[in-house]
Amino acid sequence: FLPFALRVTSSKRSRSTVMRCVAAMLSCFFLLLMSARHVVPANAFTPHMQWSPCTSPTKCLSASSLPLNASKQQLGEFETLGIVSQRQSHQDDTAATTKENRCVRLLDYSSLDPISFHDMWDMQKELLQKQLDRIMAEMKGEDDPKGQFLLPDQSNINFGHVTIIMLQHKPIYTLGTGSDPGFINDVENSPIDVVRIERGGEVTYHGPGQLVVYPIVDLRGYRQDIHWYVRALEEAILIALDMAGVEGATREDDVTGIWIKGNKVAALGVKVRRWVTMHGLAVNIDQRSLGNFDGIVPCGLVGRDVTCINDHLDQPISIEDFATLMKRAMEQVFEIKVADEESNDATRR
């Protein structure tokens with residue numbers, strides 16, 4: 001085509017125009033060719049991963065499905081891990097692990113006075129680093145693999161294991177990595193301390209009357225899927241609310257968290273580093289948790305209000321009682337056994 005076009009073109013200007021047109025055609029052809037080589041499958045962004053049975057306690061078994069009322073962009077169903085019970089394992093010698101030996105440490109400070117955010121932030125980072133050190137040592141073969149779950153004698157208590165922390169915070173506004181400080185009213189003169197942290201999400205408030213839960217979890221023992229993890233935290237909250245007798249709690253389209261009659265009762269924001277998690281969730285329990293939300297646009301959702309559990313119960317529930325329900329719900333969702341209170345007391349910092 002090009003030699004023929006140049007022969008029939010009489011002027012240099014016309015020839016230059018033809019050359020530009022040919023170059024444009026070749027560019028379009030090249031782009032189409034590259035696009036055809038890199039077609040994204042329709043399910044590329046579906047956070048479902050295939051798992052097969054294995055012998056390592058740090059990997060999951062194949063999943064089963066538990067239908068729930070979730071919006072399409074939030075999976076539509078929650079996929080359980082399918083870990084067998086000890087009784088089932090006796091019937092199936094190929095079982096990789098059991099719920100009973102997936103034991104995790106609980107640091108339950110929910111009944112104590114509110115704790116400084118910075119103190120607990122430091123603790124989270126320390127626990128996360130221990131997990132990363134354990135993972136690196138196991139990869140290098142520098143130490144006998146002890147795994148992320150507690151051994152029966154708790155001999156691996158200081159070797160980087162799953163830890164769940166429950167507490168109340170002293171009043172604090174936290175901003176996520178990319179949060180807009182404009183969602184804080186008069187941020188320069190805020191009577192509440194403001195701190196930017198490494199979680200996702202917009203501004204939120206933590207304070208007395210609110211249960212905060214920080215799971216420091218190695219997702220290699222669950223699902224290496226951040227979307228699944230966030231949905232799992234939401235599922236645990238929904239189960240705990242149901243056990244508390246709260247009606248109408250649900251997810252909502254396009255947003256994370258849990259809502260009751262259009263008002264937000266629980267917020268989530270996590271950080272994942274090399275598949276180890278930090279930060280977590282907060283559930284508003286009583287009226288004390290709501291007052292300081294007036295100083296912000298919670299989660300950057302303009303025109304949306306917050307609520308607390310006790311506004312939807314005939315008999316109010318205490319922080320520590322709801323913490324107990326959250327413990328049971330997390331055992332159910334993450335298919336783990338949380339260390340009992342006696343062991344828990346012995347391991348507190």
# chains A, B, ... in the order shown; residues from 1 in each chain; ligands from 1
>>> select_by_dssp(residues="segment 66-315 of chain A", states="helix (DSSP H, G or I)", output="number ranges by chain")
A: 72-74, 86-91, 99-101, 117-140, 181-183, 187-189, 219-221, 226-244, 287-289, 291-295, 298-300, 309-312
>>> closest_atom_pairs(of="segment 103-206 of chain A", to="segment 273-289 of chain A", cutoff="7 Å", atoms="only C-alpha atoms", output="Markdown table")
| residue | atom | partner | partner_atom | distance |
| --- | --- | --- | --- | --- |
| A:Gln124 | CA | A:Met278 | CA | 6.5 |
| A:Leu128 | CA | A:Val276 | CA | 6.7 |
| A:Arg199 | CA | A:His279 | CA | 6.8 |
>>> write_last_selection(atoms="N, CA, C and O atoms", output="mmCIF file, in the first residue's frame")
data_model
loop_
_atom_site.group_PDB
_atom_site.id
_atom_site.type_symbol
_atom_site.label_atom_id
_atom_site.label_comp_id
_atom_site.auth_asym_id
_atom_site.auth_seq_id
_atom_site.Cartn_x
_atom_site.Cartn_y
_atom_site.Cartn_z
ATOM 1 N N GLN A 124 0.521 -3.415 68.199
ATOM 2 C CA GLN A 124 0.185 -4.057 66.931
ATOM 3 C C GLN A 124 1.404 -4.218 66.041
ATOM 4 O O GLN A 124 1.637 -5.290 65.461
ATOM 5 N N LEU A 128 2.960 -7.702 64.734
ATOM 6 C CA LEU A 128 3.064 -7.938 63.295
ATOM 7 C C LEU A 128 4.500 -8.280 62.928
ATOM 8 O O LEU A 128 4.751 -9.204 62.142
ATOM 9 N N ARG A 199 -3.798 2.319 57.736
ATOM 10 C CA ARG A 199 -4.948 1.524 57.300
ATOM 11 C C ARG A 199 -5.611 2.160 56.086
ATOM 12 O O ARG A 199 -5.299 3.287 55.695
#
>>> residues_around(residues="Ser116 of chain A", least_positions_apart="2", cutoff="7 Å", atoms="only C-alpha atoms", output="ChimeraX atom specification")
/A:114,118-120,169-170
>>> closest_atom_pairs(of="segment 245-307 of chain A", to="segment 192-195 of chain A", cutoff="12 Å", atoms="only C-alpha atoms", output="JSON lines")
{"residue": "A:Gly291", "atom": "CA", "partner": "A:Ile192", "partner_atom": "CA", "distance": 11.7}
{"residue": "A:Asn292", "atom": "CA", "partner": "A:Ile192", "partner_atom": "CA", "distance": 8.2}
{"residue": "A:Phe293", "atom": "CA", "partner": "A:Ile192", "partner_atom": "CA", "distance": 10.6}
{"residue": "A:Asp294", "atom": "CA", "partner": "A:Ile192", "partner_atom": "CA", "distance": 11.4}
{"residue": "A:Gly295", "atom": "CA", "partner": "A:Ile192", "partner_atom": "CA", "distance": 8.8}
{"residue": "A:Ile296", "atom": "CA", "partner": "A:Ile192", "partner_atom": "CA", "distance": 10.6}
>>> closest_residue(among="A:Lys327, A:Leu238, A:Pro171, A:Val246", to="Leu290 of chain A", atoms="only C-alpha atoms")
A:Pro171
>>> closest_atom_pairs(of="segment 196-290 of chain A", to="segment 159-163 of chain A", cutoff="12 Å", atoms="only C-alpha atoms", output="CSV")
residue,atom,partner,partner_atom,distance
A:Val213,CA,A:Thr163,CA,10.5
A:Tyr214,CA,A:Thr163,CA,8.2
A:Pro215,CA,A:Thr163,CA,6.0
A:Ile216,CA,A:Thr163,CA,5.2
A:Val217,CA,A:Val162,CA,5.0
A:Asp218,CA,A:Val162,CA,6.8
A:Leu219,CA,A:Val162,CA,9.7
A:Arg220,CA,A:Val162,CA,11.1
A:Gly221,CA,A:Val162,CA,9.6
A:Tyr222,CA,A:Val162,CA,11.3
A:Val276,CA,A:Val162,CA,9.3
A:Thr277,CA,A:Val162,CA,9.7
A:Met278,CA,A:Thr163,CA,10.0
A:His279,CA,A:Thr163,CA,11.7
>>> closest_residue(among="A:Glu198, A:Asp321, A:Asp186, A:Glu79", to="Arg231 of chain A", atoms="only C-alpha atoms")
A:Glu79
>>> residues_around(residues="Ser318 of chain A", least_positions_apart="2", cutoff="10 Å", atoms="only C-alpha atoms", output="mmCIF file with all heavy atoms, in the first residue's frame")
data_model
loop_
_atom_site.group_PDB
_atom_site.id
_atom_site.type_symbol
_atom_site.label_atom_id
_atom_site.label_comp_id
_atom_site.auth_asym_id
_atom_site.auth_seq_id
_atom_site.Cartn_x
_atom_site.Cartn_y
_atom_site.Cartn_z
ATOM 1 N N SER A 110 -11.221 -5.352 77.121
ATOM 2 C CA SER A 110 -12.473 -4.618 76.926
ATOM 3 C C SER A 110 -13.104 -4.149 78.237
ATOM 4 O O SER A 110 -13.832 -3.152 78.248
ATOM 5 C CB SER A 110 -13.471 -5.477 76.147
ATOM 6 O OG SER A 110 -13.792 -6.660 76.866
ATOM 7 N N SER A 111 -12.850 -4.852 79.331
ATOM 8 C CA SER A 111 -13.449 -4.472 80.610
ATOM 9 C C SER A 111 -12.582 -3.476 81.388
ATOM 10 O O SER A 111 -12.986 -3.011 82.446
ATOM 11 C CB SER A 111 -13.684 -5.722 81.461
ATOM 12 O OG SER A 111 -12.447 -6.350 81.769
ATOM 13 N N GLY A 209 -17.042 3.342 75.145
ATOM 14 C CA GLY A 209 -18.360 2.906 74.686
ATOM 15 C C GLY A 209 -18.322 2.180 73.370
ATOM 16 O O GLY A 209 -19.363 1.744 72.864
ATOM 17 N N LEU A 211 -16.334 -0.969 71.128
ATOM 18 C CA LEU A 211 -15.429 -2.109 71.149
ATOM 19 C C LEU A 211 -14.574 -2.096 69.893
ATOM 20 O O LEU A 211 -15.090 -2.093 68.771
ATOM 21 C CB LEU A 211 -16.201 -3.428 71.217
ATOM 22 C CG LEU A 211 -15.319 -4.688 71.190
ATOM 23 C CD1 LEU A 211 -14.495 -4.801 72.471
ATOM 24 C CD2 LEU A 211 -16.161 -5.942 70.975
ATOM 25 N N ILE A 285 -21.129 0.438 70.866
ATOM 26 C CA ILE A 285 -21.957 -0.333 71.794
ATOM 27 C C ILE A 285 -22.984 0.556 72.500
ATOM 28 O O ILE A 285 -24.177 0.284 72.462
ATOM 29 C CB ILE A 285 -21.095 -1.050 72.851
ATOM 30 C CG1 ILE A 285 -19.974 -1.849 72.173
ATOM 31 C CG2 ILE A 285 -21.975 -1.952 73.717
ATOM 32 C CD1 ILE A 285 -20.439 -2.940 71.270
ATOM 33 N N ASP A 286 -22.530 1.625 73.165
ATOM 34 C CA ASP A 286 -23.466 2.469 73.916
ATOM 35 C C ASP A 286 -23.335 3.930 73.488
ATOM 36 O O ASP A 286 -22.504 4.290 72.651
ATOM 37 C CB ASP A 286 -23.281 2.296 75.427
ATOM 38 C CG ASP A 286 -21.894 2.699 75.915
ATOM 39 O OD1 ASP A 286 -21.393 3.769 75.514
ATOM 40 O OD2 ASP A 286 -21.298 1.943 76.713
ATOM 41 N N ILE A 309 -25.351 -0.141 69.291
ATOM 42 C CA ILE A 309 -26.131 -1.358 69.517
ATOM 43 C C ILE A 309 -27.274 -1.130 70.500
ATOM 44 O O ILE A 309 -28.415 -1.565 70.270
ATOM 45 C CB ILE A 309 -25.217 -2.486 70.035
ATOM 46 C CG1 ILE A 309 -24.246 -2.929 68.934
ATOM 47 C CG2 ILE A 309 -26.030 -3.680 70.522
ATOM 48 C CD1 ILE A 309 -23.240 -3.968 69.401
ATOM 49 N N ASN A 310 -26.983 -0.441 71.595
ATOM 50 C CA ASN A 310 -27.989 -0.324 72.658
ATOM 51 C C ASN A 310 -29.197 0.519 72.264
ATOM 52 O O ASN A 310 -30.220 0.481 72.948
ATOM 53 C CB ASN A 310 -27.346 0.235 73.929
ATOM 54 C CG ASN A 310 -26.505 -0.813 74.642
ATOM 55 O OD1 ASN A 310 -26.649 -2.014 74.382
ATOM 56 N ND2 ASN A 310 -25.622 -0.371 75.525
ATOM 57 N N GLN A 315 -32.880 -4.433 76.343
ATOM 58 C CA GLN A 315 -31.973 -4.517 77.480
ATOM 59 C C GLN A 315 -30.559 -4.225 76.980
ATOM 60 O O GLN A 315 -30.049 -4.940 76.125
ATOM 61 C CB GLN A 315 -32.034 -5.904 78.126
ATOM 62 C CG GLN A 315 -33.378 -6.257 78.724
ATOM 63 C CD GLN A 315 -33.711 -5.353 79.914
ATOM 64 O OE1 GLN A 315 -32.833 -4.949 80.673
ATOM 65 N NE2 GLN A 315 -35.002 -5.045 80.067
ATOM 66 N N PRO A 316 -29.910 -3.171 77.496
ATOM 67 C CA PRO A 316 -28.575 -2.813 77.000
ATOM 68 C C PRO A 316 -27.556 -3.908 77.271
ATOM 69 O O PRO A 316 -27.686 -4.688 78.226
ATOM 70 C CB PRO A 316 -28.250 -1.534 77.767
ATOM 71 C CG PRO A 316 -29.101 -1.582 78.986
ATOM 72 C CD PRO A 316 -30.356 -2.273 78.577
ATOM 73 N N GLU A 320 -17.996 -5.612 77.687
ATOM 74 C CA GLU A 320 -17.359 -6.912 77.885
ATOM 75 C C GLU A 320 -18.257 -8.065 77.448
ATOM 76 O O GLU A 320 -17.768 -9.084 76.929
ATOM 77 C CB GLU A 320 -16.916 -7.094 79.338
ATOM 78 C CG GLU A 320 -17.967 -6.769 80.375
ATOM 79 C CD GLU A 320 -17.895 -5.333 80.880
ATOM 80 O OE1 GLU A 320 -17.653 -4.421 80.056
ATOM 81 O OE2 GLU A 320 -18.095 -5.130 82.099
ATOM 82 N N ASP A 321 -19.572 -7.933 77.614
ATOM 83 C CA ASP A 321 -20.476 -8.998 77.165
ATOM 84 C C ASP A 321 -20.490 -9.090 75.644
ATOM 85 O O ASP A 321 -20.525 -10.195 75.078
ATOM 86 C CB ASP A 321 -21.892 -8.772 77.691
ATOM 87 C CG ASP A 321 -22.022 -9.109 79.170
ATOM 88 O OD1 ASP A 321 -21.109 -9.762 79.705
ATOM 89 O OD2 ASP A 321 -23.033 -8.709 79.790
ATOM 90 N N PHE A 322 -20.463 -7.925 74.967
ATOM 91 C CA PHE A 322 -20.426 -7.986 73.507
ATOM 92 C C PHE A 322 -19.068 -8.502 73.029
ATOM 93 O O PHE A 322 -18.984 -9.186 72.005
ATOM 94 C CB PHE A 322 -20.730 -6.633 72.874
ATOM 95 C CG PHE A 322 -20.926 -6.721 71.378
ATOM 96 C CD1 PHE A 322 -22.105 -7.219 70.860
ATOM 97 C CD2 PHE A 322 -19.918 -6.344 70.506
ATOM 98 C CE1 PHE A 322 -22.287 -7.340 69.484
ATOM 99 C CE2 PHE A 322 -20.097 -6.454 69.135
ATOM 100 C CZ PHE A 322 -21.272 -6.961 68.618
ATOM 101 N N ALA A 323 -18.002 -8.214 73.767
ATOM 102 C CA ALA A 323 -16.684 -8.759 73.424
ATOM 103 C C ALA A 323 -16.718 -10.282 73.459
ATOM 104 O O ALA A 323 -16.104 -10.950 72.609
ATOM 105 C CB ALA A 323 -15.624 -8.218 74.376
#
>>> decode(residues="segment 268-299 of chain A", atoms="N, CA, C and O atoms", output="PDB file, in the first residue's frame")
ATOM      1  N   LEU A 268     -14.764  -0.645  59.481  1.00  0.00           N
ATOM      2  CA  LEU A 268     -13.596  -1.489  59.287  1.00  0.00           C
ATOM      3  C   LEU A 268     -12.505  -0.722  58.555  1.00  0.00           C
ATOM      4  O   LEU A 268     -12.783   0.116  57.703  1.00  0.00           O
ATOM      5  N   GLY A 269     -11.264  -1.022  58.896  1.00  0.00           N
ATOM      6  CA  GLY A 269     -10.109  -0.471  58.199  1.00  0.00           C
ATOM      7  C   GLY A 269      -8.900  -1.332  58.524  1.00  0.00           C
ATOM      8  O   GLY A 269      -8.576  -1.530  59.692  1.00  0.00           O
ATOM      9  N   VAL A 270      -8.263  -1.899  57.508  1.00  0.00           N
ATOM     10  CA  VAL A 270      -7.183  -2.854  57.760  1.00  0.00           C
ATOM     11  C   VAL A 270      -5.930  -2.474  56.980  1.00  0.00           C
ATOM     12  O   VAL A 270      -5.970  -1.721  56.011  1.00  0.00           O
ATOM     13  N   LYS A 271      -4.821  -3.021  57.450  1.00  0.00           N
ATOM     14  CA  LYS A 271      -3.538  -2.950  56.778  1.00  0.00           C
ATOM     15  C   LYS A 271      -3.028  -4.373  56.655  1.00  0.00           C
ATOM     16  O   LYS A 271      -3.086  -5.144  57.616  1.00  0.00           O
ATOM     17  N   VAL A 272      -2.536  -4.755  55.474  1.00  0.00           N
ATOM     18  CA  VAL A 272      -1.988  -6.079  55.263  1.00  0.00           C
ATOM     19  C   VAL A 272      -0.567  -5.945  54.737  1.00  0.00           C
ATOM     20  O   VAL A 272      -0.334  -5.279  53.727  1.00  0.00           O
ATOM     21  N   ARG A 273       0.363  -6.561  55.424  1.00  0.00           N
ATOM     22  CA  ARG A 273       1.767  -6.546  55.018  1.00  0.00           C
ATOM     23  C   ARG A 273       2.261  -7.982  54.914  1.00  0.00           C
ATOM     24  O   ARG A 273       2.284  -8.700  55.894  1.00  0.00           O
ATOM     25  N   ARG A 274       2.610  -8.378  53.698  1.00  0.00           N
ATOM     26  CA  ARG A 274       3.054  -9.747  53.436  1.00  0.00           C
ATOM     27  C   ARG A 274       2.054 -10.762  53.993  1.00  0.00           C
ATOM     28  O   ARG A 274       2.412 -11.752  54.592  1.00  0.00           O
ATOM     29  N   TRP A 275       0.798 -10.457  53.804  1.00  0.00           N
ATOM     30  CA  TRP A 275      -0.331 -11.286  54.197  1.00  0.00           C
ATOM     31  C   TRP A 275      -0.561 -11.331  55.704  1.00  0.00           C
ATOM     32  O   TRP A 275      -1.357 -12.144  56.172  1.00  0.00           O
ATOM     33  N   VAL A 276       0.099 -10.474  56.469  1.00  0.00           N
ATOM     34  CA  VAL A 276      -0.173 -10.371  57.900  1.00  0.00           C
ATOM     35  C   VAL A 276      -0.962  -9.084  58.138  1.00  0.00           C
ATOM     36  O   VAL A 276      -0.586  -8.015  57.649  1.00  0.00           O
ATOM     37  N   THR A 277      -2.042  -9.169  58.897  1.00  0.00           N
ATOM     38  CA  THR A 277      -2.968  -8.054  59.060  1.00  0.00           C
ATOM     39  C   THR A 277      -2.704  -7.269  60.343  1.00  0.00           C
ATOM     40  O   THR A 277      -2.149  -7.793  61.312  1.00  0.00           O
ATOM     41  N   MET A 278      -3.138  -6.015  60.328  1.00  0.00           N
ATOM     42  CA  MET A 278      -3.218  -5.211  61.541  1.00  0.00           C
ATOM     43  C   MET A 278      -4.381  -4.239  61.400  1.00  0.00           C
ATOM     44  O   MET A 278      -5.011  -4.169  60.352  1.00  0.00           O
ATOM     45  N   HIS A 279      -4.666  -3.487  62.463  1.00  0.00           N
ATOM     46  CA  HIS A 279      -5.891  -2.688  62.581  1.00  0.00           C
ATOM     47  C   HIS A 279      -7.089  -3.636  62.463  1.00  0.00           C
ATOM     48  O   HIS A 279      -6.929  -4.836  62.635  1.00  0.00           O
ATOM     49  N   GLY A 280      -8.286  -3.164  62.203  1.00  0.00           N
ATOM     50  CA  GLY A 280      -9.405  -4.103  62.205  1.00  0.00           C
ATOM     51  C   GLY A 280     -10.766  -3.461  62.170  1.00  0.00           C
ATOM     52  O   GLY A 280     -11.139  -2.831  61.185  1.00  0.00           O
ATOM     53  N   LEU A 281     -11.523  -3.574  63.271  1.00  0.00           N
ATOM     54  CA  LEU A 281     -12.923  -3.155  63.269  1.00  0.00           C
ATOM     55  C   LEU A 281     -13.276  -2.450  64.573  1.00  0.00           C
ATOM     56  O   LEU A 281     -12.586  -2.588  65.585  1.00  0.00           O
ATOM     57  N   ALA A 282     -14.357  -1.677  64.511  1.00  0.00           N
ATOM     58  CA  ALA A 282     -14.879  -0.984  65.695  1.00  0.00           C
ATOM     59  C   ALA A 282     -16.396  -1.045  65.659  1.00  0.00           C
ATOM     60  O   ALA A 282     -17.017  -0.759  64.617  1.00  0.00           O
ATOM     61  N   VAL A 283     -16.995  -1.418  66.799  1.00  0.00           N
ATOM     62  CA  VAL A 283     -18.453  -1.520  66.913  1.00  0.00           C
ATOM     63  C   VAL A 283     -18.923  -0.575  68.014  1.00  0.00           C
ATOM     64  O   VAL A 283     -18.420  -0.629  69.141  1.00  0.00           O
ATOM     65  N   ASN A 284     -19.881   0.284  67.686  1.00  0.00           N
ATOM     66  CA  ASN A 284     -20.434   1.213  68.674  1.00  0.00           C
ATOM     67  C   ASN A 284     -21.423   0.464  69.571  1.00  0.00           C
ATOM     68  O   ASN A 284     -22.422  -0.056  69.092  1.00  0.00           O
ATOM     69  N   ILE A 285     -21.129   0.438  70.866  1.00  0.00           N
ATOM     70  CA  ILE A 285     -21.957  -0.333  71.794  1.00  0.00           C
ATOM     71  C   ILE A 285     -22.984   0.556  72.500  1.00  0.00           C
ATOM     72  O   ILE A 285     -24.177   0.284  72.462  1.00  0.00           O
ATOM     73  N   ASP A 286     -22.530   1.625  73.165  1.00  0.00           N
ATOM     74  CA  ASP A 286     -23.466   2.469  73.916  1.00  0.00           C
ATOM     75  C   ASP A 286     -23.335   3.930  73.488  1.00  0.00           C
ATOM     76  O   ASP A 286     -22.504   4.290  72.651  1.00  0.00           O
ATOM     77  N   GLN A 287     -24.168   4.778  74.079  1.00  0.00           N
ATOM     78  CA  GLN A 287     -24.276   6.177  73.656  1.00  0.00           C
ATOM     79  C   GLN A 287     -22.966   6.954  73.796  1.00  0.00           C
ATOM     80  O   GLN A 287     -22.740   7.919  73.068  1.00  0.00           O
ATOM     81  N   ARG A 288     -22.097   6.546  74.712  1.00  0.00           N
ATOM     82  CA  ARG A 288     -20.819   7.239  74.855  1.00  0.00           C
ATOM     83  C   ARG A 288     -20.005   7.233  73.569  1.00  0.00           C
ATOM     84  O   ARG A 288     -19.176   8.123  73.337  1.00  0.00           O
ATOM     85  N   SER A 289     -20.227   6.223  72.740  1.00  0.00           N
ATOM     86  CA  SER A 289     -19.434   6.067  71.529  1.00  0.00           C
ATOM     87  C   SER A 289     -19.824   7.044  70.429  1.00  0.00           C
ATOM     88  O   SER A 289     -19.084   7.195  69.449  1.00  0.00           O
ATOM     89  N   LEU A 290     -20.967   7.731  70.561  1.00  0.00           N
ATOM     90  CA  LEU A 290     -21.519   8.497  69.444  1.00  0.00           C
ATOM     91  C   LEU A 290     -21.184   9.986  69.463  1.00  0.00           C
ATOM     92  O   LEU A 290     -21.088  10.609  68.399  1.00  0.00           O
ATOM     93  N   GLY A 291     -21.005  10.573  70.643  1.00  0.00           N
ATOM     94  CA  GLY A 291     -20.918  12.027  70.745  1.00  0.00           C
ATOM     95  C   GLY A 291     -19.879  12.669  69.854  1.00  0.00           C
ATOM     96  O   GLY A 291     -20.149  13.648  69.144  1.00  0.00           O
ATOM     97  N   ASN A 292     -18.654  12.136  69.844  1.00  0.00           N
ATOM     98  CA  ASN A 292     -17.572  12.781  69.105  1.00  0.00           C
ATOM     99  C   ASN A 292     -17.604  12.535  67.603  1.00  0.00           C
ATOM    100  O   ASN A 292     -16.777  13.081  66.870  1.00  0.00           O
ATOM    101  N   PHE A 293     -18.555  11.720  67.143  1.00  0.00           N
ATOM    102  CA  PHE A 293     -18.742  11.593  65.695  1.00  0.00           C
ATOM    103  C   PHE A 293     -19.259  12.905  65.100  1.00  0.00           C
ATOM    104  O   PHE A 293     -19.170  13.118  63.888  1.00  0.00           O
ATOM    105  N   ASP A 294     -19.799  13.787  65.945  1.00  0.00           N
ATOM    106  CA  ASP A 294     -20.297  15.065  65.451  1.00  0.00           C
ATOM    107  C   ASP A 294     -19.181  15.931  64.882  1.00  0.00           C
ATOM    108  O   ASP A 294     -19.442  16.853  64.098  1.00  0.00           O
ATOM    109  N   GLY A 295     -17.944  15.647  65.260  1.00  0.00           N
ATOM    110  CA  GLY A 295     -16.824  16.464  64.789  1.00  0.00           C
ATOM    111  C   GLY A 295     -16.242  16.027  63.465  1.00  0.00           C
ATOM    112  O   GLY A 295     -15.281  16.638  62.974  1.00  0.00           O
ATOM    113  N   ILE A 296     -16.799  14.981  62.861  1.00  0.00           N
ATOM    114  CA  ILE A 296     -16.267  14.469  61.596  1.00  0.00           C
ATOM    115  C   ILE A 296     -17.407  14.067  60.665  1.00  0.00           C
ATOM    116  O   ILE A 296     -18.568  14.024  61.072  1.00  0.00           O
ATOM    117  N   VAL A 297     -17.036  13.776  59.415  1.00  0.00           N
ATOM    118  CA  VAL A 297     -17.940  13.088  58.494  1.00  0.00           C
ATOM    119  C   VAL A 297     -17.492  11.626  58.506  1.00  0.00           C
ATOM    120  O   VAL A 297     -16.504  11.275  57.851  1.00  0.00           O
ATOM    121  N   PRO A 298     -18.137  10.776  59.292  1.00  0.00           N
ATOM    122  CA  PRO A 298     -17.636   9.408  59.490  1.00  0.00           C
ATOM    123  C   PRO A 298     -17.441   8.664  58.175  1.00  0.00           C
ATOM    124  O   PRO A 298     -18.348   8.595  57.342  1.00  0.00           O
ATOM    125  N   CYS A 299     -16.231   8.162  57.992  1.00  0.00           N
ATOM    126  CA  CYS A 299     -15.875   7.379  56.803  1.00  0.00           C
ATOM    127  C   CYS A 299     -16.061   8.167  55.515  1.00  0.00           C
ATOM    128  O   CYS A 299     -16.125   7.581  54.421  1.00  0.00           O
TER     129      CYS A 299
END
